[in-house]
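The structure file target_20.pdb is reproduced below (PDB, C-alpha atoms and all ligand atoms).
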ATOM      1  CA  MET A 401      -1.712 -19.158   9.790  1.00  0.00           C
ATOM      2  CA  PRO A 402       0.750 -20.528   7.214  1.00  0.00           C
ATOM      3  CA  ASP A 403       3.839 -22.256   8.554  1.00  0.00           C
ATOM      4  CA  ALA A 404       7.468 -21.312   8.055  1.00  0.00           C
ATOM      5  CA  GLN A 405       7.735 -23.588   5.036  1.00  0.00           C
ATOM      6  CA  SER A 406       4.936 -21.857   3.119  1.00  0.00           C
ATOM      7  CA  LEU A 407       6.324 -18.431   4.003  1.00  0.00           C
ATOM      8  CA  GLN A 408       9.693 -19.580   2.655  1.00  0.00           C
ATOM      9  CA  ALA A 409       7.942 -20.828  -0.502  1.00  0.00           C
ATOM     10  CA  ILE A 410       6.413 -17.364  -0.994  1.00  0.00           C
ATOM     11  CA  ARG A 411       9.830 -15.723  -0.603  1.00  0.00           C
ATOM     12  CA  THR A 412      11.334 -18.138  -3.122  1.00  0.00           C
ATOM     13  CA  ALA A 413       8.518 -17.525  -5.617  1.00  0.00           C
ATOM     14  CA  LEU A 414       8.884 -13.757  -5.180  1.00  0.00           C
ATOM     15  CA  GLY A 415      12.569 -13.780  -6.020  1.00  0.00           C
ATOM     16  CA  GLN A 416      13.607 -10.130  -6.263  1.00  0.00           C
ATOM     17  CA  ARG A 417      10.019  -8.893  -6.581  1.00  0.00           C
ATOM     18  CA  SER A 418       8.300  -6.795  -3.924  1.00  0.00           C
ATOM     19  CA  VAL A 419       4.868  -7.185  -2.365  1.00  0.00           C
ATOM     20  CA  VAL A 420       3.340  -3.794  -3.147  1.00  0.00           C
ATOM     21  CA  LEU A 421       0.372  -2.526  -1.147  1.00  0.00           C
ATOM     22  CA  VAL A 422      -1.985  -0.098  -2.850  1.00  0.00           C
ATOM     23  CA  GLY A 423      -5.225   1.583  -1.812  1.00  0.00           C
ATOM     24  CA  LEU A 424      -6.764   4.761  -0.456  1.00  0.00           C
ATOM     25  CA  MET A 425      -5.599   6.748   2.539  1.00  0.00           C
ATOM     26  CA  GLY A 426      -6.471   4.899   5.720  1.00  0.00           C
ATOM     27  CA  CYS A 427      -6.957   1.458   4.146  1.00  0.00           C
ATOM     28  CA  GLY A 428      -4.013   0.159   6.187  1.00  0.00           C
ATOM     29  CA  LYS A 429      -1.058   0.021   3.783  1.00  0.00           C
ATOM     30  CA  SER A 430       1.422   1.114   6.437  1.00  0.00           C
ATOM     31  CA  ALA A 431      -0.076  -0.687   9.437  1.00  0.00           C
ATOM     32  CA  ILE A 432      -0.718  -3.961   7.598  1.00  0.00           C
ATOM     33  CA  GLY A 433       2.441  -3.691   5.473  1.00  0.00           C
ATOM     34  CA  ARG A 434       4.656  -3.500   8.538  1.00  0.00           C
ATOM     35  CA  ARG A 435       3.117  -6.645  10.014  1.00  0.00           C
ATOM     36  CA  LEU A 436       3.127  -8.490   6.684  1.00  0.00           C
ATOM     37  CA  ALA A 437       6.839  -7.789   6.292  1.00  0.00           C
ATOM     38  CA  TYR A 438       7.496  -9.096   9.789  1.00  0.00           C
ATOM     39  CA  LYS A 439       5.569 -12.271   8.957  1.00  0.00           C
ATOM     40  CA  LEU A 440       7.388 -12.805   5.659  1.00  0.00           C
ATOM     41  CA  VAL A 441      10.741 -11.807   7.211  1.00  0.00           C
ATOM     42  CA  LEU A 442      11.260  -9.175   4.524  1.00  0.00           C
ATOM     43  CA  PRO A 443      12.212  -5.507   4.915  1.00  0.00           C
ATOM     44  CA  PHE A 444       9.320  -3.042   5.138  1.00  0.00           C
ATOM     45  CA  VAL A 445       9.545   0.196   3.185  1.00  0.00           C
ATOM     46  CA  ASP A 446       6.953   2.990   3.253  1.00  0.00           C
ATOM     47  CA  ALA A 447       7.123   5.036   0.050  1.00  0.00           C
ATOM     48  CA  ASP A 448       5.634   8.134   1.721  1.00  0.00           C
ATOM     49  CA  GLU A 449       8.471   8.075   4.275  1.00  0.00           C
ATOM     50  CA  GLU A 450      11.065   7.588   1.527  1.00  0.00           C
ATOM     51  CA  ILE A 451       9.670  10.571  -0.390  1.00  0.00           C
ATOM     52  CA  GLU A 452       9.930  12.678   2.776  1.00  0.00           C
ATOM     53  CA  LYS A 453      13.544  11.545   3.282  1.00  0.00           C
ATOM     54  CA  ALA A 454      14.450  12.265  -0.348  1.00  0.00           C
ATOM     55  CA  ALA A 455      12.871  15.733  -0.196  1.00  0.00           C
ATOM     56  CA  GLY A 456      14.055  16.518   3.316  1.00  0.00           C
ATOM     57  CA  LYS A 457      10.561  17.690   4.243  1.00  0.00           C
ATOM     58  CA  SER A 458       7.144  16.349   5.114  1.00  0.00           C
ATOM     59  CA  ILE A 459       4.543  15.468   2.478  1.00  0.00           C
ATOM     60  CA  GLU A 460       2.390  18.282   3.842  1.00  0.00           C
ATOM     61  CA  ASP A 461       5.228  20.758   3.263  1.00  0.00           C
ATOM     62  CA  ILE A 462       5.961  19.377  -0.221  1.00  0.00           C
ATOM     63  CA  PHE A 463       2.313  19.919  -1.197  1.00  0.00           C
ATOM     64  CA  ALA A 464       2.203  23.357   0.432  1.00  0.00           C
ATOM     65  CA  GLU A 465       5.511  24.659  -0.940  1.00  0.00           C
ATOM     66  CA  HIS A 466       5.675  22.998  -4.384  1.00  0.00           C
ATOM     67  CA  GLY A 467       2.198  21.705  -5.213  1.00  0.00           C
ATOM     68  CA  GLU A 468       0.834  18.287  -6.081  1.00  0.00           C
ATOM     69  CA  PRO A 469       2.437  17.849  -9.578  1.00  0.00           C
ATOM     70  CA  TYR A 470       5.897  18.258  -8.014  1.00  0.00           C
ATOM     71  CA  PHE A 471       5.015  15.708  -5.322  1.00  0.00           C
ATOM     72  CA  ARG A 472       3.771  13.244  -7.964  1.00  0.00           C
ATOM     73  CA  GLU A 473       7.002  13.552  -9.954  1.00  0.00           C
ATOM     74  CA  GLY A 474       9.052  12.862  -6.825  1.00  0.00           C
ATOM     75  CA  GLU A 475       6.760   9.955  -5.967  1.00  0.00           C
ATOM     76  CA  ARG A 476       7.245   8.432  -9.446  1.00  0.00           C
ATOM     77  CA  LYS A 477      11.048   8.679  -9.168  1.00  0.00           C
ATOM     78  CA  VAL A 478      11.234   7.307  -5.640  1.00  0.00           C
ATOM     79  CA  LEU A 479       9.014   4.341  -6.529  1.00  0.00           C
ATOM     80  CA  ALA A 480      11.058   3.563  -9.656  1.00  0.00           C
ATOM     81  CA  ARG A 481      14.119   3.370  -7.401  1.00  0.00           C
ATOM     82  CA  LEU A 482      12.479   1.410  -4.588  1.00  0.00           C
ATOM     83  CA  LEU A 483      10.964  -1.162  -6.947  1.00  0.00           C
ATOM     84  CA  ARG A 484      14.449  -2.092  -8.096  1.00  0.00           C
ATOM     85  CA  SER A 485      15.574  -2.991  -4.598  1.00  0.00           C
ATOM     86  CA  GLY A 486      13.285  -5.893  -3.748  1.00  0.00           C
ATOM     87  CA  PRO A 487      12.415  -8.217  -2.263  1.00  0.00           C
ATOM     88  CA  GLN A 488      10.531  -6.192   0.331  1.00  0.00           C
ATOM     89  CA  VAL A 489       7.041  -5.230   1.397  1.00  0.00           C
ATOM     90  CA  LEU A 490       6.408  -1.807  -0.055  1.00  0.00           C
ATOM     91  CA  ALA A 491       3.555   0.431   1.097  1.00  0.00           C
ATOM     92  CA  THR A 492       2.811   2.984  -1.616  1.00  0.00           C
ATOM     93  CA  GLY A 493       1.165   6.361  -1.181  1.00  0.00           C
ATOM     94  CA  GLY A 494      -2.547   6.373  -2.036  1.00  0.00           C
ATOM     95  CA  GLY A 495      -2.084   8.015  -5.439  1.00  0.00           C
ATOM     96  CA  ALA A 496       1.020   6.157  -6.638  1.00  0.00           C
ATOM     97  CA  PHE A 497      -0.786   3.335  -8.473  1.00  0.00           C
ATOM     98  CA  MET A 498      -2.667   5.920 -10.579  1.00  0.00           C
ATOM     99  CA  ASN A 499       0.510   6.785 -12.469  1.00  0.00           C
ATOM    100  CA  ASP A 500       0.781   4.647 -15.632  1.00  0.00           C
ATOM    101  CA  GLU A 501       4.555   4.365 -15.430  1.00  0.00           C
ATOM    102  CA  THR A 502       4.489   3.413 -11.750  1.00  0.00           C
ATOM    103  CA  ARG A 503       1.740   0.870 -12.354  1.00  0.00           C
ATOM    104  CA  ALA A 504       3.790  -0.739 -15.130  1.00  0.00           C
ATOM    105  CA  ALA A 505       6.880  -0.812 -12.895  1.00  0.00           C
ATOM    106  CA  ILE A 506       4.848  -2.421 -10.100  1.00  0.00           C
ATOM    107  CA  ALA A 507       3.621  -5.100 -12.553  1.00  0.00           C
ATOM    108  CA  GLU A 508       7.219  -5.754 -13.602  1.00  0.00           C
ATOM    109  CA  PHE A 509       8.945  -5.669 -10.224  1.00  0.00           C
ATOM    110  CA  GLY A 510       6.179  -6.609  -7.825  1.00  0.00           C
ATOM    111  CA  VAL A 511       3.022  -8.406  -6.865  1.00  0.00           C
ATOM    112  CA  SER A 512       0.343  -5.826  -6.085  1.00  0.00           C
ATOM    113  CA  VAL A 513      -2.171  -6.096  -3.256  1.00  0.00           C
ATOM    114  CA  TRP A 514      -5.153  -3.716  -3.077  1.00  0.00           C
ATOM    115  CA  LEU A 515      -6.540  -3.200   0.416  1.00  0.00           C
ATOM    116  CA  LYS A 516     -10.106  -2.390  -0.563  1.00  0.00           C
ATOM    117  CA  ALA A 517     -12.128  -0.504   2.025  1.00  0.00           C
ATOM    118  CA  GLU A 518     -15.583   1.024   2.297  1.00  0.00           C
ATOM    119  CA  LEU A 519     -16.048   4.765   2.564  1.00  0.00           C
ATOM    120  CA  ALA A 520     -17.344   4.776   6.153  1.00  0.00           C
ATOM    121  CA  LEU A 521     -14.304   2.824   7.379  1.00  0.00           C
ATOM    122  CA  LEU A 522     -11.858   5.178   5.664  1.00  0.00           C
ATOM    123  CA  VAL A 523     -13.646   8.257   7.016  1.00  0.00           C
ATOM    124  CA  ARG A 524     -13.415   6.836  10.537  1.00  0.00           C
ATOM    125  CA  ARG A 525      -9.742   6.005  10.184  1.00  0.00           C
ATOM    126  CA  VAL A 526      -8.435   9.164   8.536  1.00  0.00           C
ATOM    127  CA  GLY A 527     -10.206  11.273  11.128  1.00  0.00           C
ATOM    128  CA  LYS A 528      -7.541  10.251  13.623  1.00  0.00           C
ATOM    129  CA  ARG A 529      -4.664  12.077  11.914  1.00  0.00           C
ATOM    130  CA  GLY A 530      -4.632  15.415  10.148  1.00  0.00           C
ATOM    131  CA  ASN A 531      -1.530  15.106   7.981  1.00  0.00           C
ATOM    132  CA  ARG A 532      -3.131  14.208   4.646  1.00  0.00           C
ATOM    133  CA  PRO A 533      -3.054  17.303   2.426  1.00  0.00           C
ATOM    134  CA  LEU A 534      -5.605  16.043  -0.116  1.00  0.00           C
ATOM    135  CA  LEU A 535      -8.209  15.754   2.627  1.00  0.00           C
ATOM    136  CA  LYS A 536      -7.777  19.389   3.580  1.00  0.00           C
ATOM    137  CA  ALA A 537      -9.218  20.487   0.226  1.00  0.00           C
ATOM    138  CA  GLY A 538     -12.767  20.009   1.504  1.00  0.00           C
ATOM    139  CA  ASP A 539     -15.072  17.715   3.419  1.00  0.00           C
ATOM    140  CA  PRO A 540     -12.931  14.559   3.913  1.00  0.00           C
ATOM    141  CA  GLU A 541     -15.871  12.255   3.216  1.00  0.00           C
ATOM    142  CA  ALA A 542     -16.667  13.979  -0.094  1.00  0.00           C
ATOM    143  CA  VAL A 543     -12.990  14.020  -1.098  1.00  0.00           C
ATOM    144  CA  LEU A 544     -12.613  10.315  -0.298  1.00  0.00           C
ATOM    145  CA  GLN A 545     -15.801   9.487  -2.244  1.00  0.00           C
ATOM    146  CA  SER A 546     -14.515  11.331  -5.288  1.00  0.00           C
ATOM    147  CA  LEU A 547     -11.104   9.602  -5.006  1.00  0.00           C
ATOM    148  CA  MET A 548     -12.895   6.239  -4.732  1.00  0.00           C
ATOM    149  CA  ASP A 549     -14.852   6.939  -7.920  1.00  0.00           C
ATOM    150  CA  LYS A 550     -11.661   7.760  -9.804  1.00  0.00           C
ATOM    151  CA  ARG A 551      -9.317   5.227  -8.283  1.00  0.00           C
ATOM    152  CA  TYR A 552     -11.207   2.038  -7.522  1.00  0.00           C
ATOM    153  CA  PRO A 553     -11.436   0.962 -11.196  1.00  0.00           C
ATOM    154  CA  VAL A 554      -7.642   1.349 -11.400  1.00  0.00           C
ATOM    155  CA  TYR A 555      -6.813  -0.239  -8.027  1.00  0.00           C
ATOM    156  CA  ALA A 556      -8.910  -3.184  -9.290  1.00  0.00           C
ATOM    157  CA  GLU A 557      -6.051  -3.953 -11.702  1.00  0.00           C
ATOM    158  CA  ALA A 558      -3.941  -5.112  -8.743  1.00  0.00           C
ATOM    159  CA  ASP A 559      -2.956  -8.789  -8.737  1.00  0.00           C
ATOM    160  CA  ILE A 560      -4.666  -9.426  -5.402  1.00  0.00           C
ATOM    161  CA  THR A 561      -7.590  -7.732  -3.639  1.00  0.00           C
ATOM    162  CA  VAL A 562      -8.185  -8.109   0.087  1.00  0.00           C
ATOM    163  CA  GLU A 563     -11.082  -6.456   1.930  1.00  0.00           C
ATOM    164  CA  SER A 564      -9.760  -4.080   4.565  1.00  0.00           C
ATOM    165  CA  ARG A 565     -12.041  -4.070   7.581  1.00  0.00           C
ATOM    166  CA  ASP A 566     -12.015  -3.738  11.348  1.00  0.00           C
ATOM    167  CA  VAL A 567     -10.742  -7.171  12.254  1.00  0.00           C
ATOM    168  CA  PRO A 568      -7.415  -7.830  13.990  1.00  0.00           C
ATOM    169  CA  HIS A 569      -4.511  -6.802  11.757  1.00  0.00           C
ATOM    170  CA  ASP A 570      -3.239 -10.392  11.730  1.00  0.00           C
ATOM    171  CA  VAL A 571      -6.436 -11.610  10.077  1.00  0.00           C
ATOM    172  CA  ILE A 572      -5.792  -9.291   7.122  1.00  0.00           C
ATOM    173  CA  VAL A 573      -2.124 -10.317   7.052  1.00  0.00           C
ATOM    174  CA  GLY A 574      -3.190 -13.991   6.976  1.00  0.00           C
ATOM    175  CA  GLU A 575      -5.534 -13.351   4.048  1.00  0.00           C
ATOM    176  CA  ILE A 576      -2.785 -11.587   2.118  1.00  0.00           C
ATOM    177  CA  VAL A 577      -0.382 -14.466   2.753  1.00  0.00           C
ATOM    178  CA  GLU A 578      -2.959 -16.988   1.524  1.00  0.00           C
ATOM    179  CA  SER A 579      -3.676 -14.926  -1.591  1.00  0.00           C
ATOM    180  CA  LEU A 580       0.050 -14.601  -2.251  1.00  0.00           C
ATOM    181  CA  SER A 581       0.417 -18.386  -2.053  1.00  0.00           C
ATOM    182  CA  ARG A 582      -2.348 -18.764  -4.621  1.00  0.00           C
ATOM    183  CA  ALA A 583      -1.169 -15.957  -6.908  1.00  0.00           C
ATOM    184  CA  LEU A 584       2.410 -17.194  -6.857  1.00  0.00           C
ATOM    185  CA  ALA A 585       1.210 -20.790  -7.314  1.00  0.00           C
ATOM    186  CA  VAL A 586       3.011 -22.017  -4.225  1.00  0.00           C
ATOM    187  CA  PRO A 587       2.349 -25.825  -4.219  1.00  0.00           C
ATOM    188  CA  SER A 588      -0.671 -26.583  -2.029  1.00  0.00           C
ATOM    189  CA  GLU A 589       1.107 -29.248   0.053  1.00  0.00           C
ATOM    190  CA  VAL A 590       3.562 -26.523   1.080  1.00  0.00           C
ATOM    191  CA  ALA A 591       0.937 -23.800   1.580  1.00  0.00           C
ATOM    192  CA  ARG A 592      -1.180 -26.034   3.816  1.00  0.00           C
TER
HETATM  193  N1  LIG B   1      -7.387  -4.138  10.335  1.00  0.00           N
HETATM  194  C1  LIG B   1      -7.389  -2.987  11.002  1.00  0.00           C
HETATM  195  N2  LIG B   1      -8.159  -2.846  12.085  1.00  0.00           N
HETATM  196  C2  LIG B   1      -8.188  -1.701  12.774  1.00  0.00           C
HETATM  197  N3  LIG B   1      -7.466  -0.594  12.453  1.00  0.00           N
HETATM  198  C3  LIG B   1      -6.687  -0.674  11.394  1.00  0.00           C
HETATM  199  C4  LIG B   1      -6.592  -1.852  10.592  1.00  0.00           C
HETATM  200  N4  LIG B   1      -5.735  -1.600   9.569  1.00  0.00           N
HETATM  201  C5  LIG B   1      -5.311  -0.333   9.743  1.00  0.00           C
HETATM  202  N5  LIG B   1      -5.878   0.230  10.822  1.00  0.00           N
HETATM  203  C6  LIG B   1      -5.669   1.586  11.345  1.00  0.00           C
HETATM  204  O1  LIG B   1      -6.152   2.522  10.405  1.00  0.00           O
HETATM  205  C7  LIG B   1      -5.357   3.694  10.421  1.00  0.00           C
HETATM  206  C8  LIG B   1      -4.872   3.988   9.024  1.00  0.00           C
HETATM  207  O2  LIG B   1      -3.995   2.954   8.600  1.00  0.00           O
HETATM  208  P1  LIG B   1      -2.658   3.283   7.803  1.00  0.00           P
HETATM  209  O3  LIG B   1      -1.989   4.517   8.312  1.00  0.00           O
HETATM  210  O4  LIG B   1      -1.873   2.015   7.787  1.00  0.00           O
HETATM  211  O5  LIG B   1      -3.263   3.577   6.365  1.00  0.00           O
HETATM  212  P2  LIG B   1      -2.489   3.925   5.031  1.00  0.00           P
HETATM  213  O6  LIG B   1      -3.168   3.138   3.982  1.00  0.00           O
HETATM  214  O7  LIG B   1      -1.029   3.721   5.225  1.00  0.00           O
HETATM  215  O8  LIG B   1      -2.825   5.460   4.838  1.00  0.00           O
HETATM  216  P3  LIG B   1      -1.963   6.623   4.047  1.00  0.00           P
HETATM  217  O9  LIG B   1      -2.180   6.374   2.578  1.00  0.00           O
HETATM  218  O10 LIG B   1      -2.597   7.893   4.495  1.00  0.00           O
HETATM  219  O11 LIG B   1      -0.529   6.473   4.463  1.00  0.00           O
HETATM  220  C9  LIG B   1      -4.204   3.416  11.409  1.00  0.00           C
HETATM  221  O12 LIG B   1      -4.546   4.020  12.628  1.00  0.00           O
HETATM  222  C10 LIG B   1      -4.203   1.903  11.500  1.00  0.00           C
HETATM  223  O13 LIG B   1      -3.686   1.417  12.725  1.00  0.00           O
HETATM  224  O1  LIG B   2      -4.011   9.416  -1.871  1.00  0.00           O
HETATM  225  C1  LIG B   2      -3.096  10.219  -2.136  1.00  0.00           C
HETATM  226  O2  LIG B   2      -3.038  10.799  -3.221  1.00  0.00           O
HETATM  227  C2  LIG B   2      -2.051  10.460  -1.116  1.00  0.00           C
HETATM  228  C3  LIG B   2      -1.892   9.546  -0.090  1.00  0.00           C
HETATM  229  C4  LIG B   2      -0.803   9.603   0.891  1.00  0.00           C
HETATM  230  O3  LIG B   2      -0.326   8.291   1.125  1.00  0.00           O
HETATM  231  C5  LIG B   2       0.335  10.507   0.436  1.00  0.00           C
HETATM  232  O4  LIG B   2       1.115   9.882  -0.568  1.00  0.00           O
HETATM  233  C6  LIG B   2      -0.194  11.821  -0.074  1.00  0.00           C
HETATM  234  O5  LIG B   2      -0.832  12.460   0.997  1.00  0.00           O
HETATM  235  C7  LIG B   2      -1.172  11.629  -1.263  1.00  0.00           C
HETATM  236 MG    MG B   3       0.612   5.020   5.083  1.00  0.00          MG
END

Show me, as structure tokens, the structure contained in the file I just sent.
Amino acid sequence: MPDAQSLQAIRTALGQRSVVLVGLMGCGKSAIGRRLAYKLVLPFVDADEEIEKAAGKSIEDIFAEHGEPYFREGERKVLARLLRSGPQVLATGGGAFMNDETRAAIAEFGVSVWLKAELALLVRRVGKRGNRPLLKAGDPEAVLQSLMDKRYPVYAEADITVESRDVPHDVIVGEIVESLSRALAVPSEVAR
């Protein structure tokens, strides 16, 4: 695990930029993001929670009462605001990175990390909670496969890709920290 000096070097290299986690539902953006923020001693912000606060209702209710296009517009606005208040670790909603404007804002105000996961892992993980409206449209496995086909080529534009898998959360956090050191060109004598 990197020492305090290399974590400080990452914070310095980030400046006001955020570490922005992207990826499909269940890949671990919230669970890993929270731990990564703790490690980097940065605030953790979950965009889905911020959208719910801004709307005063749950994502499920936003989808049910107003539809997906309304949710996406709110998501774009909330992310534009959040990205201007770094540094922080920011977990995005699964669809946020698909918006061209949001993707450009993430490139400007952040370093993006894609938590790439296989279908079987996502199916296992999302089965535990039933509050994801997109997965209610049909068989969750088929929906996730279709989202993977559409989204993985776009998620691949992220600055960093880390394989999400069933290993202790801290292993994934460690890999992100190492990739951040490399991507931000933190001097190797500090990163070691
Ligand atoms: N490395 C890991 N090992 C085991 N379980 C994990 C790991 N990473 C995440 N999980 C678990 O997978 C589930 C889904 O993770 P999480 O809610 O963080 O995904 P998410 O990407 O935020 O999803 P959403 O886009 O729906 O918000 C959680 O129960 C979480 O604890
Ligand atoms: O993948 C998606 O499009 C979504 C993922 C969730 O994080 C929420 O933002 C919402 O349920 C939509
Ligand atoms: Mg989440």

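Take the candidates A:Asp403, A:Glu518, A:Asp570, A:Glu578 and check each one against ligand LIG 1 (chain B) using all atoms listed in the file; the shortest distance goes to A:Asp570.
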
Task: Surrounding residues as a PyMOL selection string, ligand MG 3 (chain B), max 7 Å, only C-alpha atoms and all ligand atoms - done: chain A and resi 425+428-430+446+448+491+493

Writer output for current selection, C-alpha atoms, as a CSV table (one decimal), in the frame of the given file:
chain,number,residue,atom,x,y,z
A,425,MET,CA,-5.6,6.7,2.5
A,428,GLY,CA,-4.0,0.2,6.2
A,429,LYS,CA,-1.1,0.0,3.8
A,430,SER,CA,1.4,1.1,6.4
A,446,ASP,CA,7.0,3.0,3.3
A,448,ASP,CA,5.6,8.1,1.7
A,491,ALA,CA,3.6,0.4,1.1
A,493,GLY,CA,1.2,6.4,-1.2

Residue contacts of stretch 415-423 of chain A (6 Å, all atoms listed in the file) excluding same-chain residues fewer than 2 positions away, as a short mmCIF file (atom, residue, chain, number, x, y, z; two decimals) with C-alpha atoms, in the coordinates of the input:
data_model
loop_
_atom_site.label_atom_id
_atom_site.label_comp_id
_atom_site.auth_asym_id
_atom_site.auth_seq_id
_atom_site.Cartn_x
_atom_site.Cartn_y
_atom_site.Cartn_z
CA THR A 412 11.33 -18.14 -3.12
CA ALA A 413 8.52 -17.52 -5.62
CA LYS A 429 -1.06 0.02 3.78
CA GLY A 486 13.28 -5.89 -3.75
CA PRO A 487 12.42 -8.22 -2.26
CA GLN A 488 10.53 -6.19 0.33
CA VAL A 489 7.04 -5.23 1.40
CA LEU A 490 6.41 -1.81 -0.06
CA ALA A 491 3.56 0.43 1.10
CA THR A 492 2.81 2.98 -1.62
CA GLY A 494 -2.55 6.37 -2.04
CA PHE A 509 8.94 -5.67 -10.22
CA GLY A 510 6.18 -6.61 -7.82
CA VAL A 511 3.02 -8.41 -6.86
CA SER A 512 0.34 -5.83 -6.08
CA VAL A 513 -2.17 -6.10 -3.26
CA TRP A 514 -5.15 -3.72 -3.08
CA LEU A 515 -6.54 -3.20 0.42
#

Restrict the calculation to all atoms listed in the file, then for each residue of chain A with any atom at most 10 Å from an atom of ligand LIG 1 (chain B) give the closest atom pair and their distance in Å to one decimal, rows by chain and rising residue number, as JSON lines.
{"residue": "A:Leu421", "atom": "CA", "partner": "B:LIG1", "partner_atom": "O6", "distance": 8.4}
{"residue": "A:Val422", "atom": "CA", "partner": "B:LIG1", "partner_atom": "O6", "distance": 7.7}
{"residue": "A:Gly423", "atom": "CA", "partner": "B:LIG1", "partner_atom": "O6", "distance": 6.3}
{"residue": "A:Leu424", "atom": "CA", "partner": "B:LIG1", "partner_atom": "O9", "distance": 5.7}
{"residue": "A:Met425", "atom": "CA", "partner": "B:LIG1", "partner_atom": "O9", "distance": 3.4}
{"residue": "A:Gly426", "atom": "CA", "partner": "B:LIG1", "partner_atom": "O5", "distance": 3.5}
{"residue": "A:Cys427", "atom": "CA", "partner": "B:LIG1", "partner_atom": "O6", "distance": 4.1}
{"residue": "A:Gly428", "atom": "CA", "partner": "B:LIG1", "partner_atom": "O4", "distance": 3.3}
{"residue": "A:Lys429", "atom": "CA", "partner": "B:LIG1", "partner_atom": "O6", "distance": 3.8}
{"residue": "A:Ser430", "atom": "CA", "partner": "B:LIG1", "partner_atom": "O4", "distance": 3.7}
{"residue": "A:Ala431", "atom": "CA", "partner": "B:LIG1", "partner_atom": "O4", "distance": 3.6}
{"residue": "A:Ile432", "atom": "CA", "partner": "B:LIG1", "partner_atom": "N4", "distance": 5.9}
{"residue": "A:Gly433", "atom": "CA", "partner": "B:LIG1", "partner_atom": "O4", "distance": 7.5}
{"residue": "A:Arg434", "atom": "CA", "partner": "B:LIG1", "partner_atom": "O4", "distance": 8.6}
{"residue": "A:Asp446", "atom": "CA", "partner": "B:LIG1", "partner_atom": "O7", "distance": 8.3}
{"residue": "A:Ala447", "atom": "CA", "partner": "B:LIG1", "partner_atom": "O11", "distance": 8.9}
{"residue": "A:Asp448", "atom": "CA", "partner": "B:LIG1", "partner_atom": "O11", "distance": 6.9}
{"residue": "A:Glu449", "atom": "CA", "partner": "B:LIG1", "partner_atom": "O11", "distance": 9.1}
{"residue": "A:Ala491", "atom": "CA", "partner": "B:LIG1", "partner_atom": "O7", "distance": 7.0}
{"residue": "A:Thr492", "atom": "CA", "partner": "B:LIG1", "partner_atom": "O9", "distance": 7.3}
{"residue": "A:Gly493", "atom": "CA", "partner": "B:LIG1", "partner_atom": "O9", "distance": 5.0}
{"residue": "A:Gly494", "atom": "CA", "partner": "B:LIG1", "partner_atom": "O9", "distance": 4.6}
{"residue": "A:Gly495", "atom": "CA", "partner": "B:LIG1", "partner_atom": "O9", "distance": 8.2}
{"residue": "A:Ala496", "atom": "CA", "partner": "B:LIG1", "partner_atom": "O9", "distance": 9.8}
{"residue": "A:Leu515", "atom": "CA", "partner": "B:LIG1", "partner_atom": "O6", "distance": 8.0}
{"residue": "A:Lys516", "atom": "CA", "partner": "B:LIG1", "partner_atom": "O6", "distance": 10.0}
{"residue": "A:Ala517", "atom": "CA", "partner": "B:LIG1", "partner_atom": "O6", "distance": 9.9}
{"residue": "A:Leu521", "atom": "CA", "partner": "B:LIG1", "partner_atom": "O1", "distance": 8.7}
{"residue": "A:Leu522", "atom": "CA", "partner": "B:LIG1", "partner_atom": "C8", "distance": 7.8}
{"residue": "A:Val523", "atom": "CA", "partner": "B:LIG1", "partner_atom": "C8", "distance": 10.0}
{"residue": "A:Arg524", "atom": "CA", "partner": "B:LIG1", "partner_atom": "O1", "distance": 8.4}
{"residue": "A:Arg525", "atom": "CA", "partner": "B:LIG1", "partner_atom": "C7", "distance": 5.0}
{"residue": "A:Val526", "atom": "CA", "partner": "B:LIG1", "partner_atom": "C8", "distance": 6.3}
{"residue": "A:Gly527", "atom": "CA", "partner": "B:LIG1", "partner_atom": "C7", "distance": 9.0}
{"residue": "A:Lys528", "atom": "CA", "partner": "B:LIG1", "partner_atom": "O12", "distance": 7.0}
{"residue": "A:Arg529", "atom": "CA", "partner": "B:LIG1", "partner_atom": "O12", "distance": 8.1}
{"residue": "A:Gly530", "atom": "CA", "partner": "B:LIG1", "partner_atom": "O10", "distance": 9.6}
{"residue": "A:Asn531", "atom": "CA", "partner": "B:LIG1", "partner_atom": "O10", "distance": 8.1}
{"residue": "A:Arg532", "atom": "CA", "partner": "B:LIG1", "partner_atom": "O10", "distance": 6.3}
{"residue": "A:Pro533", "atom": "CA", "partner": "B:LIG1", "partner_atom": "O10", "distance": 9.6}
{"residue": "A:Leu534", "atom": "CA", "partner": "B:LIG1", "partner_atom": "O10", "distance": 9.8}
{"residue": "A:Leu535", "atom": "CA", "partner": "B:LIG1", "partner_atom": "O10", "distance": 9.8}
{"residue": "A:Glu563", "atom": "CA", "partner": "B:LIG1", "partner_atom": "N1", "distance": 9.5}
{"residue": "A:Ser564", "atom": "CA", "partner": "B:LIG1", "partner_atom": "N1", "distance": 6.2}
{"residue": "A:Arg565", "atom": "CA", "partner": "B:LIG1", "partner_atom": "N1", "distance": 5.4}
{"residue": "A:Asp566", "atom": "CA", "partner": "B:LIG1", "partner_atom": "N2", "distance": 4.0}
{"residue": "A:Val567", "atom": "CA", "partner": "B:LIG1", "partner_atom": "N1", "distance": 4.9}
{"residue": "A:Pro568", "atom": "CA", "partner": "B:LIG1", "partner_atom": "N1", "distance": 5.2}
{"residue": "A:His569", "atom": "CA", "partner": "B:LIG1", "partner_atom": "N1", "distance": 4.2}
{"residue": "A:Asp570", "atom": "CA", "partner": "B:LIG1", "partner_atom": "N1", "distance": 7.6}
{"residue": "A:Val571", "atom": "CA", "partner": "B:LIG1", "partner_atom": "N1", "distance": 7.5}
{"residue": "A:Ile572", "atom": "CA", "partner": "B:LIG1", "partner_atom": "N1", "distance": 6.3}
{"residue": "A:Val573", "atom": "CA", "partner": "B:LIG1", "partner_atom": "N1", "distance": 8.8}

Adding 8 Å on each side of the box along x, y and z that holds all listed atoms of stretch 547-563 of chain A, could you give its centre and edge lengths in Å to one decimal, as JSON?
{"center_x": -8.9, "center_y": 0.1, "center_z": -4.9, "size_x": 27.9, "size_y": 35.0, "size_z": 29.6}
